[in-house]
>>> print(open('my_file-v4.txt').read())   # compact mmCIF, C-alpha atoms
# COMPACT_ATOMS: atom_id res chain seq x y z
CA MET A 1 3.72 -39.69 10.89
CA GLN A 2 1.60 -38.11 13.60
CA GLN A 3 4.59 -37.95 15.94
CA SER A 4 6.81 -36.40 13.29
CA VAL A 5 4.20 -33.70 12.61
CA TRP A 6 4.00 -32.79 16.28
CA THR A 7 7.80 -32.76 16.43
CA LEU A 8 7.99 -30.41 13.49
CA LEU A 9 5.43 -28.14 15.12
CA SER A 10 7.16 -28.14 18.50
CA TRP A 11 9.33 -25.51 20.14
CA GLY A 12 13.07 -25.93 20.31
CA PRO A 13 15.84 -27.20 18.02
CA ASP A 14 13.75 -30.03 16.51
CA GLY A 15 10.70 -27.93 15.77
CA TRP A 16 9.79 -24.89 13.72
CA LEU A 17 7.05 -23.35 15.82
CA ASP A 18 9.36 -20.79 17.40
CA ASP A 19 10.49 -19.57 13.95
CA ILE A 20 6.90 -19.27 12.75
CA ALA A 21 5.89 -17.49 15.97
CA PHE A 22 8.74 -15.02 15.50
CA GLY A 23 7.63 -14.55 11.89
CA ALA A 24 4.08 -13.83 13.06
CA LEU A 25 5.46 -11.23 15.48
CA VAL A 26 7.38 -9.56 12.63
CA THR A 27 4.19 -9.59 10.53
CA VAL A 28 2.22 -7.82 13.26
CA LEU A 29 5.01 -5.31 13.96
CA LEU A 30 5.38 -4.53 10.26
CA ALA A 31 1.63 -3.96 9.86
CA LEU A 32 1.42 -1.84 13.02
CA ALA A 33 4.45 0.24 11.97
CA THR A 34 2.91 0.80 8.54
CA LEU A 35 -0.59 1.70 9.77
CA PRO A 36 -0.04 5.20 11.26
CA ILE A 37 2.11 6.27 8.31
CA GLY A 38 -0.42 5.00 5.79
CA LEU A 39 -3.35 6.60 7.61
CA THR A 40 -1.61 9.97 7.88
CA VAL A 41 -0.52 10.05 4.25
CA GLY A 42 -3.91 8.76 3.10
CA PHE A 43 -5.73 11.48 5.04
CA PHE A 44 -3.65 14.27 3.53
CA VAL A 45 -3.93 12.79 0.03
CA ALA A 46 -7.72 12.74 0.42
CA PHE A 47 -7.61 16.29 1.75
CA ALA A 48 -5.58 17.34 -1.32
CA LYS A 49 -8.04 15.61 -3.65
CA GLN A 50 -10.83 17.87 -2.53
CA SER A 51 -8.69 20.99 -2.41
CA GLU A 52 -9.59 24.03 -4.49
CA GLU A 53 -5.99 24.15 -5.70
CA PRO A 54 -5.77 22.27 -9.07
CA SER A 55 -2.09 21.36 -8.64
CA LEU A 56 -2.80 19.63 -5.32
CA ARG A 57 -5.69 17.68 -6.83
CA LEU A 58 -3.54 16.65 -9.77
CA ALA A 59 -0.64 15.53 -7.56
CA ALA A 60 -2.96 13.51 -5.31
CA ASN A 61 -4.64 11.84 -8.29
CA ILE A 62 -1.29 10.95 -9.85
CA TYR A 63 -0.14 9.50 -6.51
CA THR A 64 -3.16 7.22 -6.11
CA THR A 65 -3.15 6.23 -9.79
CA ILE A 66 0.46 5.07 -9.55
CA PHE A 67 0.27 3.12 -6.31
CA ARG A 68 -3.16 1.63 -6.96
CA GLY A 69 -2.21 0.76 -10.54
CA LEU A 70 1.16 -0.91 -9.96
CA PRO A 71 1.21 -4.49 -8.63
CA GLU A 72 2.36 -4.50 -5.02
CA LEU A 73 5.25 -6.85 -5.76
CA VAL A 74 6.53 -4.64 -8.59
CA THR A 75 6.40 -1.60 -6.30
CA LEU A 76 8.37 -3.50 -3.66
CA PHE A 77 11.04 -4.57 -6.14
CA LEU A 78 11.33 -1.08 -7.61
CA PHE A 79 11.86 0.45 -4.19
CA PHE A 80 14.05 -2.31 -2.71
CA PHE A 81 16.40 -2.53 -5.67
CA GLY A 82 16.00 0.97 -7.10
CA ALA A 83 16.19 3.16 -4.00
CA PRO A 84 19.70 1.96 -3.00
CA LEU A 85 21.00 2.79 -6.50
CA VAL A 86 19.62 6.33 -6.35
CA LEU A 87 20.78 6.91 -2.77
CA GLN A 88 24.19 5.42 -3.48
CA TYR A 89 24.63 7.68 -6.52
CA LEU A 90 23.73 10.76 -4.46
CA ILE A 91 25.95 9.78 -1.52
CA ARG A 92 28.91 9.00 -3.76
CA LEU A 93 28.83 12.56 -5.03
CA ILE A 94 30.06 13.48 -1.53
CA TYR A 95 31.64 10.22 -0.29
CA PRO A 96 32.94 8.30 -3.33
CA ASP A 97 33.64 5.00 -1.55
CA SER A 98 30.36 4.75 0.37
CA THR A 99 27.80 1.97 -0.09
CA ILE A 100 24.22 1.75 1.13
CA ASP A 101 21.76 -1.07 1.71
CA VAL A 102 18.03 -0.87 2.34
CA ASN A 103 16.76 -2.81 5.34
CA GLY A 104 14.01 -5.29 4.42
CA PHE A 105 11.75 -4.15 7.27
CA VAL A 106 12.14 -0.46 6.39
CA ALA A 107 11.65 -1.12 2.67
CA GLY A 108 8.54 -3.19 3.36
CA MET A 109 7.14 -0.58 5.73
CA ILE A 110 7.60 2.27 3.23
CA VAL A 111 6.19 0.36 0.25
CA LEU A 112 3.21 -0.98 2.21
CA ALA A 113 2.55 2.53 3.56
CA LEU A 114 2.50 3.91 0.01
CA ILE A 115 0.08 1.22 -1.15
CA PHE A 116 -2.09 1.39 1.97
CA SER A 117 -2.31 5.19 1.85
CA SER A 118 -3.43 5.17 -1.79
CA TYR A 119 -6.43 2.98 -0.92
CA ALA A 120 -7.09 4.66 2.43
CA SER A 121 -7.22 8.03 0.69
CA GLU A 122 -10.23 6.87 -1.34
CA VAL A 123 -11.97 5.77 1.87
CA PHE A 124 -11.25 9.13 3.50
CA LEU A 125 -12.39 10.96 0.37
CA SER A 126 -15.73 9.14 0.38
CA ALA A 127 -16.12 9.97 4.07
CA PHE A 128 -15.35 13.65 3.43
CA ARG A 129 -17.99 13.75 0.72
CA ALA A 130 -20.54 12.08 3.01
CA ILE A 131 -20.32 14.92 5.54
CA PRO A 132 -22.76 17.74 4.70
CA LYS A 133 -21.24 21.17 4.05
CA GLY A 134 -23.55 22.50 6.73
CA GLN A 135 -21.31 20.85 9.33
CA TYR A 136 -18.42 23.09 8.24
CA GLU A 137 -20.66 26.14 8.12
CA GLY A 138 -22.03 25.38 11.58
CA GLY A 139 -18.50 25.25 13.00
CA TYR A 140 -17.59 28.57 11.41
CA ALA A 141 -20.87 30.09 12.60
CA ILE A 142 -20.05 29.47 16.26
CA GLY A 143 -16.62 31.04 15.88
CA LEU A 144 -14.42 28.00 15.32
CA SER A 145 -11.35 28.32 13.12
CA ASN A 146 -10.72 26.00 10.17
CA TRP A 147 -8.48 23.80 12.31
CA GLN A 148 -10.93 23.72 15.24
CA THR A 149 -13.82 22.89 12.92
CA MET A 150 -11.83 20.04 11.40
CA ARG A 151 -10.71 18.68 14.78
CA LYS A 152 -13.92 19.08 16.79
CA VAL A 153 -16.67 18.76 14.19
CA ILE A 154 -15.43 16.97 11.07
CA LEU A 155 -12.85 14.45 12.30
CA PRO A 156 -15.15 12.60 14.75
CA GLN A 157 -17.71 12.10 11.98
CA LEU A 158 -15.03 11.30 9.43
CA ILE A 159 -13.50 8.52 11.53
CA ARG A 160 -16.88 6.92 12.19
CA ILE A 161 -17.87 7.00 8.51
CA ALA A 162 -14.49 5.85 7.20
CA PHE A 163 -13.87 3.15 9.82
CA PRO A 164 -15.52 0.17 8.04
CA GLY A 165 -13.57 0.91 4.85
CA LEU A 166 -10.34 1.38 6.79
CA GLU A 167 -10.94 -1.98 8.47
CA ASN A 168 -10.86 -3.62 5.04
CA CYS A 169 -7.67 -1.72 4.21
CA TRP A 170 -6.11 -3.00 7.44
CA LEU A 171 -6.96 -6.61 6.59
CA SER A 172 -5.43 -6.14 3.15
CA LEU A 173 -2.34 -4.66 4.79
CA LEU A 174 -1.98 -7.72 7.03
CA LYS A 175 -2.07 -10.00 4.01
CA ASP A 176 0.26 -7.81 1.97
CA THR A 177 3.00 -8.18 4.60
CA SER A 178 3.60 -11.64 3.11
CA LEU A 179 5.02 -9.94 0.00
CA VAL A 180 8.02 -8.72 1.98
CA SER A 181 9.20 -12.34 2.28
CA VAL A 182 10.66 -12.02 -1.23
CA VAL A 183 13.27 -9.51 0.00
CA GLY A 184 14.38 -11.75 2.85
CA LEU A 185 12.43 -10.38 5.82
CA ALA A 186 11.76 -13.22 8.27
CA GLU A 187 7.98 -12.76 8.55
CA THR A 188 5.34 -15.50 8.67
CA LEU A 189 5.46 -16.65 5.04
CA ARG A 190 9.25 -16.53 4.91
CA ALA A 191 9.51 -18.69 8.04
CA ALA A 192 6.97 -21.15 6.63
CA ASN A 193 8.80 -21.24 3.29
CA VAL A 194 12.14 -22.04 4.94
CA ALA A 195 10.55 -24.76 7.08
CA ALA A 196 8.80 -26.26 4.05
CA LYS A 197 12.02 -26.41 2.01
CA VAL A 198 14.08 -27.94 4.82
CA THR A 199 11.53 -30.54 5.97
CA LYS A 200 9.78 -31.20 2.62
CA HIS A 201 6.42 -30.73 4.40
CA SER A 202 5.17 -27.90 2.22
CA PHE A 203 1.45 -28.39 2.77
CA LEU A 204 1.91 -28.56 6.55
CA PHE A 205 3.85 -25.32 6.95
CA TYR A 206 1.98 -23.31 4.35
CA GLY A 207 -1.18 -24.48 6.07
CA VAL A 208 0.20 -23.22 9.39
CA ALA A 209 1.02 -19.88 7.75
CA ALA A 210 -2.54 -19.68 6.43
CA LEU A 211 -3.89 -20.34 9.92
CA VAL A 212 -1.65 -17.61 11.34
CA PHE A 213 -2.98 -15.03 8.87
CA LEU A 214 -6.53 -16.22 9.42
CA GLY A 215 -6.08 -15.96 13.19
CA LEU A 216 -4.71 -12.43 12.87
CA ALA A 217 -7.69 -11.49 10.70
CA VAL A 218 -10.14 -12.88 13.27
CA LEU A 219 -8.42 -11.06 16.12
CA SER A 220 -8.44 -7.87 14.06
CA SER A 221 -12.16 -8.25 13.44
CA PHE A 222 -12.84 -8.52 17.18
CA ALA A 223 -10.63 -5.49 17.88
CA THR A 224 -12.16 -3.33 15.16
CA SER A 225 -15.70 -4.30 16.24
CA ALA A 226 -14.88 -3.16 19.77
CA ILE A 227 -13.44 0.12 18.45
CA LEU A 228 -16.51 0.68 16.28
CA ARG A 229 -18.83 0.14 19.25
CA SER A 230 -16.76 2.60 21.27
CA LEU A 231 -17.01 5.18 18.48
CA GLY A 232 -20.77 4.64 18.36
CA ARG A 233 -21.11 5.23 22.12
CA ARG A 234 -19.03 8.41 21.92
CA GLU A 235 -21.14 9.66 19.02
CA ALA A 236 -24.31 8.97 21.00
CA GLN A 237 -22.92 10.91 23.99
CA ARG A 238 -22.17 13.90 21.74
>>> encode(input="my_file-v4.txt", output="structure tokens")
Amino acid sequence: MQQSVWTLLSWGPDGWLDDIAFGALVTVLLALATLPIGLTVGFFVAFAKQSEEPSLRLAANIYTTIFRGLPELVTLFLFFFGAPLVLQYLIRLIYPDSTIDVNGFVAGMIVLALIFSSYASEVFLSAFRAIPKGQYEGGYAIGLSNWQTMRKVILPQLIRIAFPGLENCWLSLLKDTSLVSVVGLAETLRAANVAAKVTKHSFLFYGVAALVFLGLAVLSSFATSAILRSLGRREAQR
């Protein structure tokens, strides 16, 4: 039994470790591809939520209500199966015989970015509200424009305040990548699921998948702690 376990967890044609390692790589790439999109959208949604324009506030609140309220899996299914129908209908107005498919990686990236940004926007909004209005007024008083005040005065403080909350959003994003396995993307959980079905060693391979996600979370914690210390040193130098 011990030998068979080590064989199953080996590299090469008799083992499944290479498939799980590739799945872990896809998981990391998917999360990293989603992160900048989610952060950018989340920042602008938070900015809109505190805008003086009522229509912008309403649109931002509707956005976060939808993507925080819907289950992640439902959102993924709606986009993965619904978006091709809409796109195909629009394309067939011009090219009647055309068909379109949505790539699992792209679909997962877009859906995860929508979900991530809805939660990140609340973190950014709390950080915006934690910055005293005097910081804005001080920037204007020394002749800085709105953009310069935001970039040189507000953003450094905003990132430092929001960072712990964004770290939690990142960890949730890492875990949510497992949802994309249901649309066929060969990430960590999908690889473990295939190995479990073929070998009948479900507990073994799902346990390995759990260790992979736990390892990624631990590595992320070390990385984010280092970034937070760096932000603290830069703030002290300022």
>>> atom_distance(input="my_file-v4.txt", atom1="atom CA of A:Leu87", atom2="atom CA of A:Ser55")
27.7 Å
>>> residues_around(input="my_file-v4.txt", residues="A:Ser117", least_positions_apart="4", cutoff="12 Å", atoms="all atoms listed in the file", output="VMD selection string")
chain A and resid 34 to 46 60 63 to 68 109 to 113 121 to 125 166 169 to 170 172 to 173
>>> write_last_selection(input="my_file-v4.txt", atoms="C-alpha atoms", output="PDB file, in the frame of the given file")
ATOM      1  CA  THR A  34       2.910   0.800   8.540  1.00  0.00           C
ATOM      2  CA  LEU A  35      -0.590   1.700   9.770  1.00  0.00           C
ATOM      3  CA  PRO A  36      -0.040   5.200  11.260  1.00  0.00           C
ATOM      4  CA  ILE A  37       2.110   6.270   8.310  1.00  0.00           C
ATOM      5  CA  GLY A  38      -0.420   5.000   5.790  1.00  0.00           C
ATOM      6  CA  LEU A  39      -3.350   6.600   7.610  1.00  0.00           C
ATOM      7  CA  THR A  40      -1.610   9.970   7.880  1.00  0.00           C
ATOM      8  CA  VAL A  41      -0.520  10.050   4.250  1.00  0.00           C
ATOM      9  CA  GLY A  42      -3.910   8.760   3.100  1.00  0.00           C
ATOM     10  CA  PHE A  43      -5.730  11.480   5.040  1.00  0.00           C
ATOM     11  CA  PHE A  44      -3.650  14.270   3.530  1.00  0.00           C
ATOM     12  CA  VAL A  45      -3.930  12.790   0.030  1.00  0.00           C
ATOM     13  CA  ALA A  46      -7.720  12.740   0.420  1.00  0.00           C
ATOM     14  CA  ALA A  60      -2.960  13.510  -5.310  1.00  0.00           C
ATOM     15  CA  TYR A  63      -0.140   9.500  -6.510  1.00  0.00           C
ATOM     16  CA  THR A  64      -3.160   7.220  -6.110  1.00  0.00           C
ATOM     17  CA  THR A  65      -3.150   6.230  -9.790  1.00  0.00           C
ATOM     18  CA  ILE A  66       0.460   5.070  -9.550  1.00  0.00           C
ATOM     19  CA  PHE A  67       0.270   3.120  -6.310  1.00  0.00           C
ATOM     20  CA  ARG A  68      -3.160   1.630  -6.960  1.00  0.00           C
ATOM     21  CA  MET A 109       7.140  -0.580   5.730  1.00  0.00           C
ATOM     22  CA  ILE A 110       7.600   2.270   3.230  1.00  0.00           C
ATOM     23  CA  VAL A 111       6.190   0.360   0.250  1.00  0.00           C
ATOM     24  CA  LEU A 112       3.210  -0.980   2.210  1.00  0.00           C
ATOM     25  CA  ALA A 113       2.550   2.530   3.560  1.00  0.00           C
ATOM     26  CA  SER A 121      -7.220   8.030   0.690  1.00  0.00           C
ATOM     27  CA  GLU A 122     -10.230   6.870  -1.340  1.00  0.00           C
ATOM     28  CA  VAL A 123     -11.970   5.770   1.870  1.00  0.00           C
ATOM     29  CA  PHE A 124     -11.250   9.130   3.500  1.00  0.00           C
ATOM     30  CA  LEU A 125     -12.390  10.960   0.370  1.00  0.00           C
ATOM     31  CA  LEU A 166     -10.340   1.380   6.790  1.00  0.00           C
ATOM     32  CA  CYS A 169      -7.670  -1.720   4.210  1.00  0.00           C
ATOM     33  CA  TRP A 170      -6.110  -3.000   7.440  1.00  0.00           C
ATOM     34  CA  SER A 172      -5.430  -6.140   3.150  1.00  0.00           C
ATOM     35  CA  LEU A 173      -2.340  -4.660   4.790  1.00  0.00           C
TER      36      LEU A 173
END
>>> closest_residue(input="my_file-v4.txt", among="A:Glu53, A:Thr27, A:Phe205, A:Gly138", to="A:Ser181", atoms="only C-alpha atoms")
A:Thr27
>>> closest_residue(input="my_file-v4.txt", among="A:Leu158, A:Ala186, A:Ala217, A:Ala223", to="A:Ala21", atoms="all atoms listed in the file")
A:Ala186
>>> closest_residue(input="my_file-v4.txt", among="A:Glu137, A:Glu52, A:Glu72, A:Asp18", to="A:Val182", atoms="only C-alpha atoms")
A:Glu72
>>> closest_residue(input="my_file-v4.txt", among="A:Thr7, A:Pro13, A:Asp19, A:Leu90", to="A:Val194", atoms="all atoms listed in the file")
A:Asp19
>>> residues_around(input="my_file-v4.txt", residues="A:Thr188", least_positions_apart="6", cutoff="6 Å", atoms="only C-alpha atoms", output="PDB file with C-alpha atoms, keeping the file's coordinate frame")
ATOM      1  CA  ILE A  20       6.900 -19.270  12.750  1.00  0.00           C
ATOM      2  CA  GLY A  23       7.630 -14.550  11.890  1.00  0.00           C
ATOM      3  CA  ALA A  24       4.080 -13.830  13.060  1.00  0.00           C
TER       4      ALA A  24
END
>>> atom_distance(input="my_file-v4.txt", atom1="atom CA of A:Lys152", atom2="atom CA of A:Ser118")
25.5 Å
>>> atom_distance(input="my_file-v4.txt", atom1="atom CA of A:Pro84", atom2="atom CA of A:Leu185")
16.8 Å
>>> closest_residue(input="my_file-v4.txt", among="A:Ile227, A:Ile62, A:Ala33, A:Ala196", to="A:Gly15", atoms="only C-alpha atoms")
A:Ala196
>>> residues_around(input="my_file-v4.txt", residues="A:Leu189", least_positions_apart="3", cutoff="6 Å", atoms="only C-alpha atoms", output="MDAnalysis selection string")
chainID A and resid 178 192:193
>>> closest_residue(input="my_file-v4.txt", among="A:Val86, A:Trp16, A:Arg151, A:Ser4", to="A:Val198", atoms="all atoms listed in the file")
A:Trp16
>>> residues_around(input="my_file-v4.txt", residues="A:Ala83", least_positions_apart="4", cutoff="10 Å", atoms="all atoms listed in the file", output="mmCIF file with C-alpha atoms, in the coordinates of the input")
data_model
loop_
_atom_site.group_PDB
_atom_site.id
_atom_site.type_symbol
_atom_site.label_atom_id
_atom_site.label_comp_id
_atom_site.auth_asym_id
_atom_site.auth_seq_id
_atom_site.Cartn_x
_atom_site.Cartn_y
_atom_site.Cartn_z
ATOM 1 C CA PHE A 77 11.040 -4.570 -6.140
ATOM 2 C CA LEU A 78 11.330 -1.080 -7.610
ATOM 3 C CA PHE A 79 11.860 0.450 -4.190
ATOM 4 C CA LEU A 87 20.780 6.910 -2.770
ATOM 5 C CA GLN A 88 24.190 5.420 -3.480
ATOM 6 C CA TYR A 89 24.630 7.680 -6.520
ATOM 7 C CA ILE A 100 24.220 1.750 1.130
ATOM 8 C CA ASP A 101 21.760 -1.070 1.710
ATOM 9 C CA VAL A 102 18.030 -0.870 2.340
ATOM 10 C CA ALA A 107 11.650 -1.120 2.670
#
>>> residues_around(input="my_file-v4.txt", residues="A:Leu155", least_positions_apart="5", cutoff="12 Å", atoms="all atoms listed in the file", output="list in words")
Phe43, Phe47, Phe124, Ala127, Phe128, Ile131, Gln135, Tyr136, Asn146, Trp147, Gln148, Thr149, Met150, Arg160, Ile161, Ala162, Phe163, Leu231 and Glu235 of chain A
>>> build_atoms(input="my_file-v4.txt", residues="stretch 98-121 of chain A", atoms="N, CA and C atoms", output="short mmCIF file (atom, residue, chain, number, x, y, z; two decimals), in the coordinates of the input")
data_model
loop_
_atom_site.label_atom_id
_atom_site.label_comp_id
_atom_site.auth_asym_id
_atom_site.auth_seq_id
_atom_site.Cartn_x
_atom_site.Cartn_y
_atom_site.Cartn_z
N SER A 98 31.46 5.19 -0.50
CA SER A 98 30.36 4.75 0.37
C SER A 98 29.43 3.78 -0.36
N THR A 99 28.84 2.88 0.42
CA THR A 99 27.80 1.97 -0.09
C THR A 99 26.60 2.04 0.85
N ILE A 100 25.44 1.68 0.33
CA ILE A 100 24.22 1.75 1.13
C ILE A 100 23.34 0.55 0.82
N ASP A 101 22.71 0.02 1.85
CA ASP A 101 21.76 -1.07 1.71
C ASP A 101 20.45 -0.66 2.35
N VAL A 102 19.35 -1.15 1.79
CA VAL A 102 18.03 -0.87 2.34
C VAL A 102 17.59 -2.06 3.18
N ASN A 103 17.26 -1.78 4.45
CA ASN A 103 16.76 -2.81 5.34
C ASN A 103 15.42 -3.34 4.86
N GLY A 104 15.25 -4.68 4.91
CA GLY A 104 14.01 -5.29 4.42
C GLY A 104 12.78 -4.80 5.16
N PHE A 105 12.89 -4.62 6.48
CA PHE A 105 11.75 -4.15 7.27
C PHE A 105 11.37 -2.72 6.87
N VAL A 106 12.39 -1.86 6.74
CA VAL A 106 12.14 -0.46 6.39
C VAL A 106 11.56 -0.37 4.98
N ALA A 107 12.14 -1.14 4.05
CA ALA A 107 11.65 -1.12 2.67
C ALA A 107 10.20 -1.59 2.62
N GLY A 108 9.91 -2.68 3.33
CA GLY A 108 8.54 -3.19 3.36
C GLY A 108 7.58 -2.19 3.97
N MET A 109 8.00 -1.54 5.05
CA MET A 109 7.14 -0.58 5.73
C MET A 109 6.82 0.60 4.80
N ILE A 110 7.82 1.12 4.11
CA ILE A 110 7.60 2.27 3.23
C ILE A 110 6.70 1.90 2.06
N VAL A 111 6.98 0.76 1.42
CA VAL A 111 6.19 0.36 0.25
C VAL A 111 4.75 0.06 0.66
N LEU A 112 4.57 -0.67 1.75
CA LEU A 112 3.21 -0.98 2.21
C LEU A 112 2.47 0.29 2.62
N ALA A 113 3.19 1.26 3.19
CA ALA A 113 2.55 2.53 3.56
C ALA A 113 2.09 3.28 2.32
N LEU A 114 2.89 3.25 1.26
CA LEU A 114 2.50 3.91 0.01
C LEU A 114 1.25 3.27 -0.58
N ILE A 115 1.23 1.94 -0.59
CA ILE A 115 0.08 1.22 -1.15
C ILE A 115 -1.15 1.42 -0.27
N PHE A 116 -0.97 1.24 1.03
CA PHE A 116 -2.09 1.39 1.97
C PHE A 116 -2.69 2.80 1.89
N SER A 117 -1.82 3.81 1.85
CA SER A 117 -2.31 5.19 1.85
C SER A 117 -3.09 5.51 0.59
N SER A 118 -2.72 4.89 -0.54
CA SER A 118 -3.43 5.17 -1.79
C SER A 118 -4.87 4.66 -1.73
N TYR A 119 -5.06 3.51 -1.08
CA TYR A 119 -6.43 2.98 -0.92
C TYR A 119 -7.16 3.68 0.22
N ALA A 120 -6.46 3.96 1.30
CA ALA A 120 -7.09 4.66 2.43
C ALA A 120 -7.55 6.05 2.03
N SER A 121 -6.84 6.69 1.12
CA SER A 121 -7.22 8.03 0.69
C SER A 121 -8.60 8.02 0.03
#
